[in-house]
Structures are given as C-alpha cells and as structure tokens.
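In what follows, a single structure is set out as structure tokens and then discussed.
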Amino acid sequence: MSDKEWRPRSGEIRGQKLPYPASQADMDQPPDSDLSNYRPAGKLRGKVALITGGDSGIGRAVAIAFAMEGADVAILYNENDGDAGATREMVATRGRRCLVIRDDVRDPTACRAAVQRTVSELGGLNILVNNAAYQMAQQRFEDVSEDQFRRTLETNIFGYFYMAQAALPHLSAGDAIINTGSIVGLVGNPLLVDYCASKGAIHGFTKALALNLGDRNIRVNAVVPGPVWTPNIPGTMPIDEVENFGHEVALGRPGQPEELAPAYVFLASSDSSFMTGSLVEVTGGKLSSS
C-alpha cells in the first residue's frame, strides 16, 4: 500500500459531491480497491463466495481478494452496472469466475434466487459476505423520513437476515458468514441515526447467529470498519463531511477498501477456525463519540 500514488488524508479530499447511487467510476479520487500490493497464499482455494454490495468499494476489494486466494465469486448488486462489470473483469483477470447478479436484498425472493444461481452456476456456496448497505445523512433527526428509515433497515439488516436464511441450506461445517458492521453501530453518528441503528442490529445479529449455528460449525463474524473511502461517501454525505472525512481517527485519514479486504479473507479462511461471534474492528483508531 505504501507505493500508492494517492491515499486521502484529512484535508486532502477534494469536495466532490455525487448523486446517489454514486459510481466508483465517477469519483475524482477513486478508492484503492485493486489489491495490487496484496500477496495471496491460496487460503480460499476451491471455495465459492457470494458477496452482496460487491460492485464497488469494500465489496469489490473483497471479491478481488477472494479471487486472488482461489475462490470463485458471485456478486449481488442493486444499480451500478458499470461498477459491477469492472469488478467482474478484475476477478476474471485473477483467473477466477465471477457471477454478476443484479437485484435487491430487500426482497427475500431475490435473495433466494441469488443463492440458487450461485450454487447452480458456480457449483456450491461456502462463504456468504453480507455487505450491501444504504445510508443517507440528515442534519436533523426530524428529516429522516419513514421511507428512508424503512429503506435503511430493510437493506442493512433485513437483507442480511434474508441472505443468511437463503444461504444456510447450502453451507456446511467449516463454512462462514461474514457481516459488514460499522464502528458507528457502537459509538453513533449524529448524521446517521437510522444507519447507526441498523449497524448496531447487525452486530447483535452476528453474535446471536454465531451462537445458533455453533453446533453446526458454521462460523459467523463481522468486520467493523471505521471511516472507509467508498462511493457512498460523496454520494450520501454533506460536502463538509466529505472534505474532512476520516479526520477523527488516530491515523487521521479514512481507510481504503483494500485495507479492509484482508480481514474478510481471514474470517473466511481456516485461519480463523476458532473465531465466531466476533466483531473485528478495522478503524484506523477508534472513533470518538462526538
């Protein structure tokens, strides 16, 4: 990572604002998500993974890392065809298959269909990564509409529930479910009240499902990111928040998606065979509650 030409630090992010849903291809300062400095070790050879929100940002980086470790990958995404196509090409250049599925995790029928396509076309399922997320910043709590609240919760926790239920019949001992939580689900954020609530729910869901599936040796963990530079930031945050994004952590900068991906590899592989119900924080230094 040290030889990357650009990585945003506090005060270095240009104040770009993009319409939602923002595309990674439209970002003036795109995230580092190609894993060009990652050194694989065959940790997921022969595995099949399904990643929601896999078209860009953290999902894209995880898809590429999994492919580099030997897994075939399916990505489920909602809107950005161009970003999804780019992810597919990046996986293919690493010599693995990538199934691209466009649908909405808020629909349980769509979740079941995505799992079935993955199993049918890639030959099975070993790893589910629940990563799809929706957020929209609001300065005043009163401005969080009922529609926004429903969309946030239905995407961020209902979708995880639906995907886990759909995947479970195809998972076996040693397989894994990895959820994407957030540090704001632990400490809060005044602009993201509904999003924080959904991420807190994900953390509780992760721990409870880990207990439920422990006797089947199906491990359930969560990666808990701090501020990470993804298309969601210019697409959902006020311009002043974009310009100062990540300043509040100890390292004084936002993380890059490819700095998160190794945590997902670890939780998907046998290296974490004695870990379940864990919230793995990758935050650049814990956020304050302010």
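Residues in the structure tokens are named by chain (A, B, ... in the order shown) and by number from 1 within that chain; ligands are numbered from 1 in the order shown.
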Worksheet item: Neighbours of Val224 in chain A within 9 Å (only C-alpha atoms; same-chain residues fewer than 2 positions away dropped), as a ChimeraX atom specification?
Response: /A:179-185,203,222,226,279-283
Determine, counting only C-alpha atoms, which protein, DNA and RNA residues have an atom within 12 Å of an atom of Ala197 in chain A; residues of the same chain fewer than 2 positions away are not included. Present the result as a PDB file with N, CA, C and O atoms, in the first residue's frame.
ATOM      1  N   GLN A 135     -27.207   4.239   3.199  1.00  0.00           N
ATOM      2  CA  GLN A 135     -27.189   5.313   4.181  1.00  0.00           C
ATOM      3  C   GLN A 135     -27.513   6.626   3.488  1.00  0.00           C
ATOM      4  O   GLN A 135     -27.285   6.771   2.290  1.00  0.00           O
ATOM      5  N   PHE A 149     -36.068   5.543   6.622  1.00  0.00           N
ATOM      6  CA  PHE A 149     -35.876   4.619   7.741  1.00  0.00           C
ATOM      7  C   PHE A 149     -36.125   3.180   7.307  1.00  0.00           C
ATOM      8  O   PHE A 149     -35.334   2.273   7.607  1.00  0.00           O
ATOM      9  N   ARG A 150     -37.204   2.979   6.561  1.00  0.00           N
ATOM     10  CA  ARG A 150     -37.520   1.627   6.086  1.00  0.00           C
ATOM     11  C   ARG A 150     -36.445   1.124   5.116  1.00  0.00           C
ATOM     12  O   ARG A 150     -36.013  -0.038   5.205  1.00  0.00           O
ATOM     13  N   THR A 152     -33.305   1.968   4.909  1.00  0.00           N
ATOM     14  CA  THR A 152     -32.065   1.700   5.634  1.00  0.00           C
ATOM     15  C   THR A 152     -32.134   0.365   6.358  1.00  0.00           C
ATOM     16  O   THR A 152     -31.237  -0.482   6.231  1.00  0.00           O
ATOM     17  N   LEU A 153     -33.183   0.172   7.135  1.00  0.00           N
ATOM     18  CA  LEU A 153     -33.308  -1.068   7.899  1.00  0.00           C
ATOM     19  C   LEU A 153     -33.532  -2.273   7.006  1.00  0.00           C
ATOM     20  O   LEU A 153     -32.971  -3.350   7.240  1.00  0.00           O
ATOM     21  N   GLU A 154     -34.342  -2.113   5.964  1.00  0.00           N
ATOM     22  CA  GLU A 154     -34.629  -3.248   5.095  1.00  0.00           C
ATOM     23  C   GLU A 154     -33.402  -3.678   4.296  1.00  0.00           C
ATOM     24  O   GLU A 154     -33.209  -4.862   4.035  1.00  0.00           O
ATOM     25  N   ASN A 156     -30.089  -2.971   5.266  1.00  0.00           N
ATOM     26  CA  ASN A 156     -28.923  -3.240   6.099  1.00  0.00           C
ATOM     27  C   ASN A 156     -29.084  -4.384   7.087  1.00  0.00           C
ATOM     28  O   ASN A 156     -28.080  -4.988   7.464  1.00  0.00           O
ATOM     29  N   ILE A 157     -30.309  -4.691   7.497  1.00  0.00           N
ATOM     30  CA  ILE A 157     -30.483  -5.815   8.426  1.00  0.00           C
ATOM     31  C   ILE A 157     -31.472  -6.849   7.896  1.00  0.00           C
ATOM     32  O   ILE A 157     -31.191  -8.047   7.957  1.00  0.00           O
ATOM     33  N   GLY A 181     -20.339  -4.726   9.624  1.00  0.00           N
ATOM     34  CA  GLY A 181     -20.920  -3.820  10.605  1.00  0.00           C
ATOM     35  C   GLY A 181     -20.370  -2.424  10.395  1.00  0.00           C
ATOM     36  O   GLY A 181     -20.056  -2.009   9.287  1.00  0.00           O
ATOM     37  N   SER A 182     -20.221  -1.671  11.463  1.00  0.00           N
ATOM     38  CA  SER A 182     -19.624  -0.337  11.394  1.00  0.00           C
ATOM     39  C   SER A 182     -19.326   0.148  12.797  1.00  0.00           C
ATOM     40  O   SER A 182     -20.092  -0.126  13.731  1.00  0.00           O
ATOM     41  N   ILE A 183     -18.241   0.892  12.940  1.00  0.00           N
ATOM     42  CA  ILE A 183     -17.920   1.471  14.231  1.00  0.00           C
ATOM     43  C   ILE A 183     -19.032   2.402  14.711  1.00  0.00           C
ATOM     44  O   ILE A 183     -19.264   2.540  15.916  1.00  0.00           O
ATOM     45  N   VAL A 184     -19.778   3.009  13.783  1.00  0.00           N
ATOM     46  CA  VAL A 184     -20.853   3.897  14.218  1.00  0.00           C
ATOM     47  C   VAL A 184     -21.995   3.122  14.861  1.00  0.00           C
ATOM     48  O   VAL A 184     -22.799   3.701  15.591  1.00  0.00           O
ATOM     49  N   GLY A 185     -22.075   1.820  14.618  1.00  0.00           N
ATOM     50  CA  GLY A 185     -23.044   0.990  15.317  1.00  0.00           C
ATOM     51  C   GLY A 185     -22.689   0.790  16.776  1.00  0.00           C
ATOM     52  O   GLY A 185     -23.524   0.341  17.561  1.00  0.00           O
ATOM     53  N   LEU A 186     -21.456   1.133  17.145  1.00  0.00           N
ATOM     54  CA  LEU A 186     -21.000   1.055  18.529  1.00  0.00           C
ATOM     55  C   LEU A 186     -20.950   2.415  19.211  1.00  0.00           C
ATOM     56  O   LEU A 186     -21.199   2.524  20.412  1.00  0.00           O
ATOM     57  N   VAL A 187     -20.590   3.456  18.436  1.00  0.00           N
ATOM     58  CA  VAL A 187     -20.394   4.767  19.070  1.00  0.00           C
ATOM     59  C   VAL A 187     -21.369   5.834  18.587  1.00  0.00           C
ATOM     60  O   VAL A 187     -21.462   6.892  19.176  1.00  0.00           O
ATOM     61  N   GLY A 188     -22.102   5.576  17.502  1.00  0.00           N
ATOM     62  CA  GLY A 188     -23.075   6.522  16.993  1.00  0.00           C
ATOM     63  C   GLY A 188     -22.483   7.577  16.069  1.00  0.00           C
ATOM     64  O   GLY A 188     -21.268   7.774  15.995  1.00  0.00           O
ATOM     65  N   ASN A 189     -23.371   8.237  15.333  1.00  0.00           N
ATOM     66  CA  ASN A 189     -23.018   9.368  14.477  1.00  0.00           C
ATOM     67  C   ASN A 189     -24.262  10.236  14.347  1.00  0.00           C
ATOM     68  O   ASN A 189     -25.328   9.734  13.972  1.00  0.00           O
ATOM     69  N   PRO A 190     -24.185  11.528  14.652  1.00  0.00           N
ATOM     70  CA  PRO A 190     -25.385  12.359  14.692  1.00  0.00           C
ATOM     71  C   PRO A 190     -26.065  12.530  13.342  1.00  0.00           C
ATOM     72  O   PRO A 190     -27.260  12.861  13.296  1.00  0.00           O
ATOM     73  N   LEU A 191     -25.341  12.329  12.239  1.00  0.00           N
ATOM     74  CA  LEU A 191     -25.920  12.485  10.902  1.00  0.00           C
ATOM     75  C   LEU A 191     -26.549  11.206  10.380  1.00  0.00           C
ATOM     76  O   LEU A 191     -27.225  11.235   9.345  1.00  0.00           O
ATOM     77  N   LEU A 192     -26.317  10.082  11.050  1.00  0.00           N
ATOM     78  CA  LEU A 192     -26.691   8.774  10.504  1.00  0.00           C
ATOM     79  C   LEU A 192     -27.442   7.951  11.552  1.00  0.00           C
ATOM     80  O   LEU A 192     -27.099   6.798  11.815  1.00  0.00           O
ATOM     81  N   VAL A 193     -28.490   8.517  12.111  1.00  0.00           N
ATOM     82  CA  VAL A 193     -29.179   7.863  13.216  1.00  0.00           C
ATOM     83  C   VAL A 193     -29.749   6.512  12.790  1.00  0.00           C
ATOM     84  O   VAL A 193     -29.567   5.493  13.476  1.00  0.00           O
ATOM     85  N   ASP A 194     -30.444   6.465  11.662  1.00  0.00           N
ATOM     86  CA  ASP A 194     -31.045   5.211  11.210  1.00  0.00           C
ATOM     87  C   ASP A 194     -29.978   4.203  10.795  1.00  0.00           C
ATOM     88  O   ASP A 194     -30.086   3.008  11.070  1.00  0.00           O
ATOM     89  N   TYR A 195     -28.920   4.681  10.146  1.00  0.00           N
ATOM     90  CA  TYR A 195     -27.825   3.809   9.742  1.00  0.00           C
ATOM     91  C   TYR A 195     -27.127   3.213  10.963  1.00  0.00           C
ATOM     92  O   TYR A 195     -26.819   2.010  10.994  1.00  0.00           O
ATOM     93  N   LYS A 199     -26.677  -0.770  11.934  1.00  0.00           N
ATOM     94  CA  LYS A 199     -25.380  -1.414  12.144  1.00  0.00           C
ATOM     95  C   LYS A 199     -25.286  -2.025  13.536  1.00  0.00           C
ATOM     96  O   LYS A 199     -24.676  -3.097  13.721  1.00  0.00           O
ATOM     97  N   GLY A 200     -25.879  -1.365  14.533  1.00  0.00           N
ATOM     98  CA  GLY A 200     -25.952  -1.987  15.846  1.00  0.00           C
ATOM     99  C   GLY A 200     -26.731  -3.297  15.803  1.00  0.00           C
ATOM    100  O   GLY A 200     -26.365  -4.277  16.457  1.00  0.00           O
ATOM    101  N   ALA A 201     -27.796  -3.313  15.004  1.00  0.00           N
ATOM    102  CA  ALA A 201     -28.578  -4.535  14.842  1.00  0.00           C
ATOM    103  C   ALA A 201     -27.743  -5.639  14.201  1.00  0.00           C
ATOM    104  O   ALA A 201     -27.852  -6.817  14.580  1.00  0.00           O
ATOM    105  N   ILE A 202     -26.901  -5.273  13.237  1.00  0.00           N
ATOM    106  CA  ILE A 202     -26.037  -6.255  12.587  1.00  0.00           C
ATOM    107  C   ILE A 202     -25.083  -6.884  13.593  1.00  0.00           C
ATOM    108  O   ILE A 202     -24.826  -8.100  13.569  1.00  0.00           O
ATOM    109  N   HIS A 203     -24.543  -6.070  14.491  1.00  0.00           N
ATOM    110  CA  HIS A 203     -23.626  -6.613  15.494  1.00  0.00           C
ATOM    111  C   HIS A 203     -24.341  -7.632  16.384  1.00  0.00           C
ATOM    112  O   HIS A 203     -23.806  -8.715  16.661  1.00  0.00           O
ATOM    113  N   GLY A 204     -25.541  -7.299  16.837  1.00  0.00           N
ATOM    114  CA  GLY A 204     -26.307  -8.234  17.649  1.00  0.00           C
ATOM    115  C   GLY A 204     -26.698  -9.482  16.869  1.00  0.00           C
ATOM    116  O   GLY A 204     -26.644 -10.603  17.400  1.00  0.00           O
TER     117      GLY A 204
END
Discussion item. Taking the DSSP secondary structure from the backbone, can you list the residues of range 27-118 of chain A that are helix (DSSP H, G or I), as a PyMOL selection string?
Written reply: chain A and resi 57-68+81-93+108-118
How would the residues just chosen look if you wrote them out with C-alpha atoms as a short mmCIF file (atom, residue, chain, number, x, y, z; two decimals), in the first residue's frame?
data_model
loop_
_atom_site.label_atom_id
_atom_site.label_comp_id
_atom_site.auth_asym_id
_atom_site.auth_seq_id
_atom_site.Cartn_x
_atom_site.Cartn_y
_atom_site.Cartn_z
CA GLY A 57 -15.93 -0.15 -2.50
CA ILE A 58 -15.38 -2.76 0.18
CA GLY A 59 -17.38 -5.39 -1.72
CA ARG A 60 -15.20 -5.04 -4.80
CA ALA A 61 -11.99 -5.28 -2.79
CA VAL A 62 -13.26 -8.40 -1.01
CA ALA A 63 -14.25 -10.00 -4.31
CA ILE A 64 -10.78 -9.41 -5.73
CA ALA A 65 -9.03 -10.64 -2.58
CA PHE A 66 -11.14 -13.80 -2.51
CA ALA A 67 -10.37 -14.44 -6.18
CA MET A 68 -6.66 -13.97 -5.54
CA ASP A 81 -23.93 -1.93 -13.89
CA GLY A 82 -20.67 -0.28 -14.90
CA ASP A 83 -19.07 -0.80 -11.49
CA ALA A 84 -20.28 -4.41 -11.39
CA GLY A 85 -18.82 -5.08 -14.82
CA ALA A 86 -15.48 -3.64 -13.75
CA THR A 87 -15.45 -5.90 -10.69
CA ARG A 88 -16.21 -8.93 -12.85
CA GLU A 89 -13.29 -8.09 -15.12
CA MET A 90 -10.96 -7.63 -12.15
CA VAL A 91 -11.93 -11.03 -10.76
CA ALA A 92 -11.55 -12.65 -14.17
CA THR A 93 -8.04 -11.26 -14.62
CA PRO A 108 -36.40 -12.25 0.14
CA THR A 109 -37.33 -13.93 -3.16
CA ALA A 110 -34.43 -12.17 -4.86
CA CYS A 111 -32.08 -13.31 -2.10
CA ARG A 112 -33.12 -16.93 -2.52
CA ALA A 113 -32.76 -16.65 -6.29
CA ALA A 114 -29.25 -15.16 -5.98
CA VAL A 115 -28.14 -18.00 -3.75
CA GLN A 116 -29.66 -20.59 -6.07
CA ARG A 117 -27.93 -19.07 -9.12
CA THR A 118 -24.63 -19.07 -7.27
#
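Pairwise distance (CA of Ser273 in chain A, CA of Gln165 in chain A) equals 21.8 Å.
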Could I get the residues of range 44-157 of chain A with an atom no further than 9 Å from an atom of range 236-247 of chain A, each paired with its nearest atom pair and that distance in Å to one decimal, using only C-alpha atoms, sorted by chain and residue number, as CSV?
residue,atom,partner,partner_atom,distance
A:Gln135,CA,A:Thr236,CA,6.7
A:Met136,CA,A:Thr236,CA,5.0
A:Ala137,CA,A:Met237,CA,5.5
A:Gln138,CA,A:Met237,CA,8.4
A:Gln139,CA,A:Pro238,CA,8.9
Discussion item. Applying 7 Å and only C-alpha atoms, which residues near Asp32 in chain A remain after dropping the ones on its own chain fewer than 3 positions away? List them as a count of residues only.
Written reply: 3
Worksheet entry | Which of range 50-277 of chain A fall in strand (DSSP E), as a PyMOL selection string | chain A and resi 50-52+72-77+98-102+127-130+176-180+219-225
Practice prompt. Would you work out the distance separating CA of Phe205 in chain A from CA of Ile177 in chain A, expressed in Å to one decimal?
Written response: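 That distance, rounded to one decimal, is 11.5 Å.
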Worksheet item: Nearest to Ala268 in chain A among A:Glu142, A:Pro254, A:Met163, A:Asn126, with distances taken over only C-alpha atoms: which residue is it?
Response: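 With only C-alpha atoms as the atom set, the closest residue is A:Asn126.
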Worksheet entry | One-decimal distance in Å that lies between CA of Ile127 in chain A and CA of Gly174 in chain A | 9.6 Å
Worksheet item: Restricting the calculation to only C-alpha atoms, which member of A:Asn131, A:Asn80, A:Thr52, A:Asn37 is positioned closest to Ser23 in chain A?
Response: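 For Ser23 in chain A, the nearest of the candidates is A:Asn80.
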